[in-house]
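What follows is entry.cif (mmCIF, C-alpha atoms).
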data_coords
#
loop_
_atom_site.label_atom_id
_atom_site.label_comp_id
_atom_site.auth_asym_id
_atom_site.auth_seq_id
_atom_site.Cartn_x
_atom_site.Cartn_y
_atom_site.Cartn_z
CA MET C 1 40.54 -17.72 267.38
CA VAL C 2 39.74 -17.98 263.64
CA PHE C 3 42.67 -18.67 261.32
CA GLY C 4 44.98 -17.36 264.00
CA TYR C 5 43.00 -14.15 264.55
CA ASN C 6 41.41 -13.25 267.87
CA LEU C 7 37.92 -11.99 267.03
CA ASN C 8 36.84 -11.39 270.62
CA GLY C 9 35.86 -7.82 271.36
CA PRO C 10 38.05 -5.93 273.86
CA GLU C 11 35.17 -5.80 276.36
CA TYR C 12 34.87 -9.59 276.27
CA GLU C 13 38.63 -9.99 276.71
CA ALA C 14 38.54 -7.62 279.69
CA ARG C 15 35.85 -9.74 281.36
CA LEU C 16 37.90 -12.89 280.77
CA LYS C 17 40.86 -11.35 282.59
CA LYS C 18 38.82 -10.06 285.52
CA PRO C 19 37.43 -12.53 288.11
CA PHE C 20 33.72 -11.92 288.63
CA SER C 21 32.22 -10.10 291.56
CA PRO C 22 28.42 -9.57 291.45
CA PRO C 23 27.04 -6.03 291.37
CA THR C 24 26.23 -4.40 294.69
CA VAL C 25 24.55 -1.20 293.49
CA THR C 26 20.85 -0.92 294.22
CA LEU C 27 17.95 -0.72 291.84
CA LYS C 28 17.07 2.64 293.36
CA GLU C 29 20.47 4.01 292.37
CA ILE C 30 19.91 2.87 288.80
CA HIS C 31 16.37 4.24 288.64
CA ASP C 32 17.47 7.55 290.12
CA ALA C 33 20.08 7.92 287.37
CA VAL C 34 17.51 7.82 284.55
CA PRO C 35 15.52 10.99 283.81
CA LYS C 36 11.82 10.25 284.19
CA HIS C 37 10.88 11.74 280.83
CA LEU C 38 12.71 8.82 279.15
CA LEU C 39 10.13 6.45 280.61
CA LYS C 40 7.16 8.25 279.05
CA LYS C 41 5.40 6.79 276.01
CA ASP C 42 4.78 8.69 272.81
CA PRO C 43 1.78 7.02 271.13
CA ILE C 44 2.23 8.98 267.89
CA LYS C 45 5.86 7.91 267.60
CA ALA C 46 4.89 4.31 268.39
CA ALA C 47 2.14 4.34 265.76
CA ALA C 48 4.62 5.76 263.24
CA TYR C 49 7.03 2.87 263.85
CA VAL C 50 4.23 0.32 263.44
CA ALA C 51 3.03 2.03 260.26
CA ARG C 52 6.62 2.20 258.98
CA ASP C 53 7.22 -1.53 259.28
CA ILE C 54 3.84 -2.42 257.78
CA THR C 55 4.57 -0.04 254.89
CA PHE C 56 7.98 -1.62 254.37
CA THR C 57 6.35 -5.06 254.27
CA LEU C 58 3.79 -4.03 251.64
CA LEU C 59 6.37 -2.13 249.59
CA LEU C 60 8.71 -5.12 249.56
CA PHE C 61 5.83 -7.39 248.53
CA LYS C 62 5.14 -5.05 245.62
CA LEU C 63 8.78 -4.82 244.55
CA ALA C 64 9.19 -8.59 244.76
CA SER C 65 6.13 -9.06 242.54
CA LEU C 66 7.87 -6.97 239.86
CA ILE C 67 11.03 -9.09 239.71
CA GLY C 68 9.57 -11.73 237.37
CA PRO C 69 7.95 -9.31 234.90
CA TRP C 70 11.10 -7.16 234.86
CA ALA C 71 13.25 -10.21 234.13
CA ASP C 72 10.89 -11.12 231.26
CA THR C 73 11.80 -7.78 229.61
CA ASP C 74 15.53 -8.59 229.91
CA PHE C 75 15.61 -6.02 232.72
CA SER C 76 14.47 -3.28 230.32
CA GLY C 77 16.94 -4.54 227.74
CA PHE C 78 20.03 -4.01 229.88
CA VAL C 79 20.66 -7.68 230.73
CA THR C 80 20.08 -10.14 227.89
CA SER C 81 22.49 -13.00 228.60
CA GLY C 82 20.76 -16.06 230.06
CA TRP C 83 23.11 -16.66 232.98
CA ASN C 84 23.40 -12.94 233.74
CA LYS C 85 19.63 -12.70 233.88
CA ALA C 86 19.40 -15.71 236.17
CA LEU C 87 22.12 -14.31 238.42
CA LEU C 88 20.50 -10.88 238.69
CA LYS C 89 17.06 -12.37 239.26
CA THR C 90 18.43 -14.58 242.04
CA ALA C 91 20.23 -11.61 243.61
CA LEU C 92 17.02 -9.57 243.62
CA TRP C 93 15.03 -12.37 245.26
CA CYS C 94 17.76 -12.88 247.86
CA SER C 95 17.73 -9.15 248.58
CA TYR C 96 13.96 -9.29 249.06
CA TYR C 97 14.24 -12.25 251.43
CA TRP C 98 17.02 -10.67 253.48
CA ILE C 99 15.42 -7.24 253.86
CA GLN C 100 11.93 -8.60 254.46
CA GLY C 101 13.35 -10.93 257.11
CA MET C 102 14.86 -7.96 258.93
CA VAL C 103 11.62 -5.98 258.64
CA TRP C 104 9.62 -8.86 260.12
CA ALA C 105 12.15 -9.29 262.93
CA GLY C 106 11.42 -5.63 263.65
CA ILE C 107 7.71 -6.42 263.61
CA PHE C 108 8.40 -9.09 266.22
CA CYS C 109 10.21 -6.45 268.29
CA LEU C 110 7.25 -4.07 268.05
CA GLY C 111 4.92 -6.87 269.13
CA HIS C 112 7.35 -7.56 271.97
CA ASP C 113 7.13 -3.95 273.11
CA ALA C 114 3.36 -3.99 272.79
CA GLY C 115 3.40 -7.06 275.06
CA HIS C 116 5.25 -5.00 277.63
CA GLY C 117 2.71 -2.21 277.26
CA THR C 118 5.31 0.33 276.09
CA LEU C 119 3.82 1.48 272.78
CA PHE C 120 0.51 3.03 273.84
CA GLU C 121 -1.04 4.24 277.08
CA ASP C 122 -4.08 1.99 276.70
CA ASN C 123 -3.09 -1.65 277.17
CA ARG C 124 -6.06 -2.78 275.13
CA ILE C 125 -4.48 -1.04 272.13
CA ASN C 126 -1.09 -2.53 273.00
CA ASN C 127 -2.58 -6.02 273.07
CA VAL C 128 -4.48 -5.60 269.80
CA VAL C 129 -1.33 -4.35 268.05
CA GLY C 130 0.91 -7.02 269.57
CA PHE C 131 -1.67 -9.73 268.85
CA VAL C 132 -1.98 -8.79 265.17
CA LEU C 133 1.75 -8.33 264.59
CA HIS C 134 2.72 -11.59 266.27
CA THR C 135 -0.08 -13.56 264.62
CA TRP C 136 1.30 -12.44 261.23
CA LEU C 137 4.55 -14.15 262.28
CA LEU C 138 2.73 -17.27 263.57
CA ILE C 139 3.60 -16.44 267.17
CA PRO C 140 1.04 -17.28 269.91
CA TYR C 141 1.02 -13.74 271.31
CA TYR C 142 -0.66 -14.30 274.69
CA ALA C 143 1.28 -17.51 275.40
CA TRP C 144 4.58 -15.84 274.50
CA ARG C 145 3.68 -12.75 276.56
CA SER C 146 2.98 -14.82 279.66
CA THR C 147 6.30 -16.68 279.69
CA HIS C 148 8.23 -13.63 278.56
CA HIS C 149 6.99 -11.64 281.55
CA ALA C 150 8.02 -14.55 283.78
CA HIS C 151 11.47 -14.42 282.17
CA HIS C 152 11.81 -10.76 283.08
CA LYS C 153 10.86 -11.44 286.68
CA ALA C 154 13.55 -14.12 287.05
CA THR C 155 16.29 -13.42 284.52
CA ALA C 156 19.41 -15.59 285.03
CA SER C 157 17.74 -17.57 287.82
CA MET C 158 18.49 -21.27 287.51
CA GLU C 159 15.25 -22.15 289.28
CA ARG C 160 12.75 -19.69 287.79
CA ASP C 161 13.94 -18.21 284.49
CA GLU C 162 11.88 -19.22 281.45
CA ASN C 163 14.42 -18.75 278.63
CA TYR C 164 17.82 -20.22 277.79
CA VAL C 165 18.22 -21.98 281.12
CA PRO C 166 21.60 -23.80 280.98
CA TYR C 167 21.83 -27.57 280.80
CA LEU C 168 23.25 -29.28 283.88
CA ARG C 169 26.22 -31.65 284.01
CA SER C 170 23.85 -34.47 284.95
CA GLU C 171 21.72 -33.91 281.84
CA TYR C 172 24.69 -35.08 279.75
CA ASP C 173 25.30 -38.06 282.07
CA LEU C 174 28.78 -36.77 282.76
CA PRO C 175 30.72 -38.01 285.80
CA SER C 176 31.21 -35.55 288.65
CA GLU C 177 33.68 -32.74 288.14
CA LYS C 178 36.28 -34.51 290.29
CA LYS C 179 35.98 -37.81 288.43
CA ALA C 180 35.44 -36.64 284.84
CA THR C 181 38.32 -37.06 282.40
CA GLN C 182 38.95 -35.44 279.02
CA PHE C 183 37.79 -38.70 277.46
CA ASP C 184 34.41 -38.33 279.21
CA TYR C 185 34.00 -34.80 277.84
CA ALA C 186 35.17 -35.80 274.36
CA GLU C 187 32.72 -38.69 274.27
CA VAL C 188 29.83 -36.27 274.80
CA PHE C 189 30.90 -33.08 273.06
CA GLU C 190 33.46 -33.94 270.39
CA GLU C 191 32.08 -33.50 266.87
CA THR C 192 33.12 -32.44 263.41
CA PRO C 193 32.88 -28.75 262.43
CA ILE C 194 30.30 -29.69 259.79
CA TRP C 195 28.03 -31.23 262.42
CA THR C 196 28.51 -28.19 264.67
CA PHE C 197 27.35 -25.88 261.89
CA ALA C 198 24.48 -28.23 261.06
CA ARG C 199 23.26 -28.05 264.67
CA MET C 200 23.62 -24.26 264.60
CA PHE C 201 21.57 -24.16 261.40
CA ILE C 202 18.83 -26.23 263.05
CA MET C 203 18.81 -23.97 266.11
CA GLN C 204 18.69 -20.80 264.04
CA GLY C 205 16.06 -22.01 261.60
CA PHE C 206 13.79 -24.03 263.87
CA GLY C 207 14.86 -23.34 267.47
CA TRP C 208 12.04 -20.87 268.00
CA TRP C 209 9.41 -23.50 267.23
CA VAL C 210 11.24 -26.16 269.23
CA TYR C 211 11.01 -23.81 272.21
CA LEU C 212 7.31 -23.07 271.66
CA THR C 213 6.34 -26.72 271.18
CA LYS C 214 8.71 -28.47 273.63
CA ASN C 215 9.82 -25.69 276.00
CA THR C 216 13.43 -26.60 275.18
CA MET C 217 15.85 -24.63 277.39
CA GLY C 218 12.85 -23.34 279.31
CA SER C 219 12.39 -23.63 283.05
CA LYS C 220 13.32 -27.02 284.50
CA MET C 221 10.41 -26.94 286.95
CA TYR C 222 7.94 -27.95 284.22
CA PRO C 223 7.27 -31.58 283.21
CA PRO C 224 8.05 -33.07 279.78
CA GLY C 225 5.46 -32.17 277.17
CA THR C 226 5.09 -28.58 278.39
CA ASN C 227 4.35 -26.23 275.48
CA HIS C 228 2.94 -22.82 274.58
CA PHE C 229 -0.25 -24.07 272.90
CA ASP C 230 -1.99 -26.11 275.60
CA PRO C 231 -4.31 -23.80 277.59
CA HIS C 232 -3.84 -26.10 280.60
CA SER C 233 -0.05 -26.01 280.35
CA PRO C 234 1.70 -25.34 283.69
CA LEU C 235 3.22 -22.31 281.96
CA PHE C 236 -0.07 -20.47 282.42
CA LYS C 237 -2.33 -19.42 285.25
CA PRO C 238 -5.99 -20.48 285.12
CA GLU C 239 -7.11 -16.93 284.35
CA GLN C 240 -4.83 -16.87 281.27
CA ARG C 241 -6.31 -19.94 279.60
CA ASN C 242 -8.93 -18.13 277.53
CA SER C 243 -6.30 -15.86 276.05
CA ILE C 244 -4.19 -18.90 275.09
CA ILE C 245 -7.21 -20.30 273.25
CA ILE C 246 -7.63 -16.96 271.45
CA SER C 247 -3.97 -17.10 270.34
CA ASN C 248 -4.47 -20.64 269.03
CA ILE C 249 -7.60 -19.60 267.10
CA ALA C 250 -5.68 -16.69 265.57
CA LEU C 251 -2.84 -18.97 264.45
CA THR C 252 -5.36 -21.35 262.92
CA ALA C 253 -6.96 -18.45 261.05
CA MET C 254 -3.55 -17.28 259.82
CA LEU C 255 -2.62 -20.75 258.60
CA SER C 256 -6.03 -21.02 256.92
CA ALA C 257 -5.44 -17.72 255.14
CA MET C 258 -2.06 -19.00 253.95
CA ALA C 259 -3.68 -22.19 252.70
CA TYR C 260 -6.27 -20.11 250.83
CA ALA C 261 -3.50 -17.98 249.29
CA GLY C 262 -1.92 -21.17 247.98
CA PRO C 263 1.53 -22.73 248.26
CA ASN C 264 2.92 -20.73 245.35
CA LEU C 265 2.39 -17.35 247.01
CA VAL C 266 3.42 -18.60 250.47
CA LEU C 267 6.63 -20.25 249.22
CA LYS C 268 7.47 -17.30 247.00
CA TYR C 269 6.85 -14.38 249.34
CA TYR C 270 6.46 -15.64 252.92
CA LEU C 271 8.45 -18.77 253.79
CA VAL C 272 12.06 -17.60 253.42
CA PRO C 273 11.57 -14.22 255.17
CA TYR C 274 9.69 -16.09 257.90
CA LEU C 275 12.59 -18.50 258.45
CA LEU C 276 15.03 -15.58 258.49
CA THR C 277 12.80 -13.84 261.04
CA ASN C 278 12.96 -16.92 263.26
CA HIS C 279 16.74 -16.87 262.84
CA TRP C 280 16.99 -13.27 264.04
CA ILE C 281 14.66 -13.91 266.98
CA VAL C 282 16.78 -16.85 268.14
CA MET C 283 20.05 -15.04 267.46
CA PHE C 284 19.42 -11.91 269.46
CA THR C 285 17.56 -13.58 272.32
CA TYR C 286 20.18 -16.34 272.65
CA LEU C 287 23.07 -13.87 272.67
CA HIS C 288 21.33 -11.62 275.20
CA HIS C 289 21.60 -14.35 277.82
CA SER C 290 24.19 -16.92 276.72
CA ASP C 291 27.81 -15.88 277.08
CA PRO C 292 30.84 -17.62 278.65
CA THR C 293 31.63 -14.56 280.79
CA ILE C 294 28.11 -13.95 282.15
CA PRO C 295 26.84 -15.77 285.29
CA HIS C 296 23.67 -17.55 286.24
CA TYR C 297 22.46 -17.55 289.84
CA ARG C 298 20.77 -19.92 292.22
CA LYS C 299 18.25 -18.55 294.70
CA ALA C 300 20.69 -17.89 297.56
CA GLU C 301 22.50 -15.27 295.46
CA TRP C 302 19.91 -14.20 292.90
CA SER C 303 18.31 -10.78 292.91
CA PHE C 304 16.35 -8.99 290.21
CA LEU C 305 19.19 -6.52 289.77
CA ARG C 306 21.84 -9.22 289.44
CA GLY C 307 19.70 -11.04 286.90
CA ALA C 308 19.04 -7.90 284.87
CA ALA C 309 22.76 -7.10 284.86
CA ALA C 310 23.53 -10.63 283.60
CA THR C 311 22.60 -9.50 280.11
CA VAL C 312 24.77 -8.39 277.19
CA ASP C 313 24.35 -5.47 274.81
CA ARG C 314 25.64 -6.14 271.30
CA PRO C 315 25.83 -3.93 268.19
CA LEU C 316 24.01 -6.54 266.10
CA LEU C 317 24.24 -5.50 262.42
CA GLY C 318 25.37 -2.01 263.42
CA TRP C 319 23.04 0.76 262.26
CA CYS C 320 20.85 -1.80 260.46
CA GLY C 321 20.20 -3.54 263.75
CA ARG C 322 19.22 -0.30 265.43
CA PHE C 323 17.00 0.68 262.53
CA PHE C 324 15.25 -2.61 261.79
CA PHE C 325 15.35 -4.31 265.22
CA HIS C 326 14.33 -1.26 267.24
CA ASN C 327 17.33 -1.28 269.62
CA ILE C 328 16.55 -4.76 270.95
CA SER C 329 20.21 -5.86 270.94
CA HIS C 330 21.97 -2.53 271.34
CA ASP C 331 20.06 -1.60 274.53
CA HIS C 332 18.89 -4.89 276.02
CA VAL C 333 20.43 -4.28 279.44
CA ALA C 334 18.39 -1.08 279.73
CA HIS C 335 15.28 -3.00 278.71
CA HIS C 336 15.73 -5.45 281.59
CA PHE C 337 16.07 -2.64 284.11
CA PHE C 338 13.19 -0.59 282.66
CA ILE C 339 10.71 -3.00 281.09
CA LYS C 340 8.07 -0.26 280.81
CA ALA C 341 10.36 2.19 278.97
CA PRO C 342 9.76 2.74 275.23
CA PHE C 343 12.47 1.26 273.01
CA TYR C 344 13.24 4.52 271.19
CA ASN C 345 14.63 5.95 274.43
CA GLY C 346 16.89 2.93 274.91
CA PRO C 347 20.14 4.64 273.84
CA GLN C 348 19.71 7.45 276.38
CA ILE C 349 18.70 5.04 279.15
CA THR C 350 21.74 2.88 278.41
CA LYS C 351 23.99 5.91 278.64
CA ALA C 352 22.50 6.79 282.04
CA ILE C 353 22.69 3.34 283.63
CA LYS C 354 26.30 2.88 282.52
CA THR C 355 27.26 5.70 284.89
CA VAL C 356 25.94 3.62 287.81
CA LEU C 357 26.76 0.07 286.74
CA LYS C 358 30.26 0.99 285.53
CA ASP C 359 32.20 -2.30 285.10
CA ASP C 360 29.03 -4.29 285.80
CA TYR C 361 27.56 -3.11 282.49
CA ASN C 362 28.11 -5.83 279.87
CA TYR C 363 28.82 -4.90 276.27
CA ASP C 364 30.45 -6.99 273.58
CA SER C 365 31.65 -5.66 270.23
CA THR C 366 32.70 -9.15 269.09
CA PRO C 367 31.42 -9.72 265.52
CA THR C 368 27.99 -11.14 266.20
CA TRP C 369 28.25 -14.18 263.94
CA TYR C 370 31.44 -15.22 265.70
CA ALA C 371 29.83 -14.48 269.09
CA LEU C 372 27.01 -16.84 268.09
CA TYR C 373 29.51 -19.58 267.22
CA ARG C 374 31.49 -18.91 270.39
CA SER C 375 28.45 -19.16 272.67
CA PHE C 376 27.10 -22.18 270.81
CA THR C 377 30.36 -24.09 271.25
CA GLN C 378 31.39 -22.85 274.70
CA CYS C 379 28.12 -22.41 276.62
CA LEU C 380 27.42 -26.11 277.05
CA PHE C 381 26.53 -26.84 280.67
CA VAL C 382 26.81 -25.67 284.27
CA GLU C 383 27.49 -27.47 287.53
CA GLU C 384 24.82 -28.69 289.93
CA GLU C 385 26.64 -27.01 292.79
CA GLY C 386 27.37 -23.35 293.39
CA ASN C 387 25.16 -20.31 293.79
CA ILE C 388 26.95 -18.23 291.13
CA ILE C 389 27.91 -20.34 288.15
CA PHE C 390 29.38 -19.94 284.69
CA TYR C 391 28.99 -21.99 281.54
CA LYS C 392 31.60 -24.65 280.90
CA ASN C 393 32.99 -25.68 277.52
CA ARG C 394 33.59 -29.08 275.93
CA HIS C 395 36.67 -29.56 278.11
CA GLY C 396 34.69 -28.96 281.30
CA VAL C 397 36.37 -25.59 281.86
CA ALA C 398 34.64 -22.29 282.69
CA ALA C 399 35.92 -19.15 280.96
CA ARG C 400 35.54 -17.11 284.14
CA GLU C 401 35.60 -17.62 287.88
CA LEU C 402 34.46 -15.82 291.00
CA ALA C 403 36.85 -13.30 292.53
CA ARG C 404 38.51 -14.77 295.60
CA GLY C 405 36.97 -13.43 298.77
CA ALA C 406 34.43 -11.31 296.89
CA MET C 407 31.34 -13.05 298.25
CA LYS C 408 32.60 -12.99 301.82
CA LYS C 409 33.24 -9.27 301.56
CA ILE C 410 29.81 -8.61 300.03
CA HIS C 411 27.96 -10.60 302.68
CA GLU C 412 29.96 -9.07 305.51
CA SER C 413 28.84 -5.67 304.21
CA GLY C 414 25.23 -6.78 304.79
CA TRP C 415 24.14 -7.45 301.21
CA ASN C 416 20.50 -8.38 300.95
CA GLY C 417 18.73 -9.13 297.68
CA ASP C 418 15.42 -7.67 298.84
CA VAL C 419 17.11 -4.41 299.78
CA GLN C 420 19.01 -4.32 296.49
CA ASP C 421 15.70 -4.70 294.61
CA SER C 422 13.65 -2.39 296.83
CA SER C 423 12.57 -0.12 293.95
CA ILE C 424 11.02 -2.78 291.78
CA GLU C 425 7.34 -3.06 291.03
CA PHE C 426 6.20 -5.50 288.36
CA PRO C 427 3.27 -4.45 286.21
CA LYS C 428 0.37 -6.87 286.01
CA LEU C 429 -0.63 -8.47 282.73
CA ASP C 430 -3.79 -6.91 281.36
#

Exercise: express the given structure as structure tokens:
Amino acid sequence: MVFGYNLNGPEYEARLKKPFSPPTVTLKEIHDAVPKHLLKKDPIKAAAYVARDITFTLLLFKLASLIGPWADTDFSGFVTSGWNKALLKTALWCSYYWIQGMVWAGIFCLGHDAGHGTLFEDNRINNVVGFVLHTWLLIPYYAWRSTHHAHHKATASMERDENYVPYLRSEYDLPSEKKATQFDYAEVFEETPIWTFARMFIMQGFGWWVYLTKNTMGSKMYPPGTNHFDPHSPLFKPEQRNSIIISNIALTAMLSAMAYAGPNLVLKYYLVPYLLTNHWIVMFTYLHHSDPTIPHYRKAEWSFLRGAAATVDRPLLGWCGRFFFHNISHDHVAHHFFIKAPFYNGPQITKAIKTVLKDDYNYDSTPTWYALYRSFTQCLFVEEEGNIIFYKNRHGVAARELARGAMKKIHESGWNGDVQDSSIEFPKLD
């Protein structure tokens, strides 16, 4: 509720009212529903998208470089007042930052798809493209690709997922659920709205680098100090170490190029769009997998299908999000079921899988900025016990619960995670 208005989307409200029962459809049923031509790559179309975003970047650089000279001419004589000139000049720079930030978030998405091998048939080309695009954004491509593939293999698994793994009750030193009082919860979670927004700002601006350097909200099976830059990190297999070194060398070269360009150019053209890019990366990835109505699973109840279905599609920025972010938020559920499918076929794949998943398909039309605030303030921790668990809020209350008798009925029907996932075959990293 904001100023007395309920901003939750109707789909979210429907999930709140309906106790949860995990999906029982099979991966084969989902794969059979999607026409095979939607899984085929179109290298020309992929190259066009890459060229488009690079062209946008260069064009925006050029337009931004004209703002100062244009202002010096009083905007061709149309704006002569000092404060009007300053206001218009500021508005033009803000427009550059905002649009360039969206373009670069799209470049991240293209590098993401290259990492999945979905742009070109030859994975060597995919890796070169992904490597270059992500290095431009100071992302260690091969390190990110390794843990991202692991995330796809274990989405929503409390033991094995690599991204946005919920904090446990014990990590906040809270008493057990039976003993905890509202005072205990308030002592840990109560804060002023200003501090809440300050923490959100830190997460959105710097959360990406906190994850890369400290593995924050990554898998709990790794020791403190785990990061994406150490070739000997437990995140990586021995055969991946050379590629991690290559990523580190590329980042060093990129930072050296920025140092050569000088702080004036970097601060003027690169820094703000870069921070906005990090914001978008954190925003859409966090909201894909952090929602009060979406479960996490422990190994007794986890399956690939259940994990893939524990994802939310959101119309982030409407048509702008589709255009600039290459469907990453609008069709993320489809991406988890078909990691080798090209992103431009996402809308059609989503339409097909909805016919099979039905009520197990998760969509949320809640305004995205409010959804971010809602998840940030309500997705705080989960319990140590339970095989299907939901986030709890600052009062120690979950927004959703399991349907009574649902698990007994499912297991009596002979549910088996291996059978449910029988169609899956994970591609190897090349």

Taking the file as I've supplied it (selection: the PyMOL selection byres ((chain C and resi 188) around 9)), which residues are included? Please answer as a count of residues only.
12

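Checking C:Gly9, C:Leu39, C:Tyr269, C:Ser176 one by one against C:Ala64, counting only C-alpha atoms, you find the shortest gap at C:Tyr269.
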
Care to translate the PyMOL selection byres ((chain C and resi 301) around 12) into actual residues of this file, as a PyMOL selection string?
chain C and resi 21-24+156-159+295-300+302-307+386-389+407+410-411+415-418+420

The residue from C:Val210, C:Leu119, C:Ala86, C:Val132 with the smallest atom-to-atom distance to C:Asp72, counting only C-alpha atoms, is C:Ala86

Between atom CA of C:Leu63 and atom CA of C:Ile99, what is the distance in Å, rounded to a tenth?
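One can read the atom CA of C:Leu63 to atom CA of C:Ile99 distance as 11.7 Å.
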
Fewer than 4 positions away in the same chain doesn't count, so skip those; otherwise give me all residues within 10 Å of C:Ala371, counting all atoms listed in the file, as number ranges by chain.
C: 7-9, 283, 287, 290-291, 314, 364-367, 375-377

Using all atoms listed in the file, find the one residue out of C:Asn163, C:His326, C:Trp369, C:Trp209 that sits nearest to C:Tyr286.
C:Asn163

How would you write, as a PyMOL selection string, the residues chosen by the PyMOL selection byres ((chain C and resi 251) around 10) on this structure?
chain C and resi 134-141+245-250+252-257

Atom CA of C:Val272 to atom CA of C:Gly101, distance in Å rounded to a single decimal:
7.7 Å

Record the distance separating atom CA of C:Ala308 and atom CA of C:Asp53, expressed in Å with one decimal.
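Between these atoms lies a distance of 28.9 Å.
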
Can you tell me, as number ranges by chain, what residues are no more than 12 Å from C:Pro193 when counting only C-alpha atoms, ignoring any on the same chain fewer than 5 positions away?
C: 198-200, 373, 377

Test item: residues at most 6 Å from C:Val312, only C-alpha atoms, excluding those fewer than 2 positions along its chain, as a ChimeraX atom specification
/C:288,362-363

Could those residues be written to a file, using C-alpha atoms, as an mmCIF file, in the coordinates of the input?
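again_4.cif was written with the following content:
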data_model
loop_
_atom_site.group_PDB
_atom_site.id
_atom_site.type_symbol
_atom_site.label_atom_id
_atom_site.label_comp_id
_atom_site.auth_asym_id
_atom_site.auth_seq_id
_atom_site.Cartn_x
_atom_site.Cartn_y
_atom_site.Cartn_z
ATOM 1 C CA HIS C 288 21.330 -11.620 275.200
ATOM 2 C CA ASN C 362 28.110 -5.830 279.870
ATOM 3 C CA TYR C 363 28.820 -4.900 276.270
#

For a quick check of understanding, using only C-alpha atoms, which of C:Ala51, C:Asp122, C:Leu265, C:Lys358 has the smallest distance to C:Ser65?
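The shortest atom-to-atom distance to C:Ser65 comes from C:Leu265.
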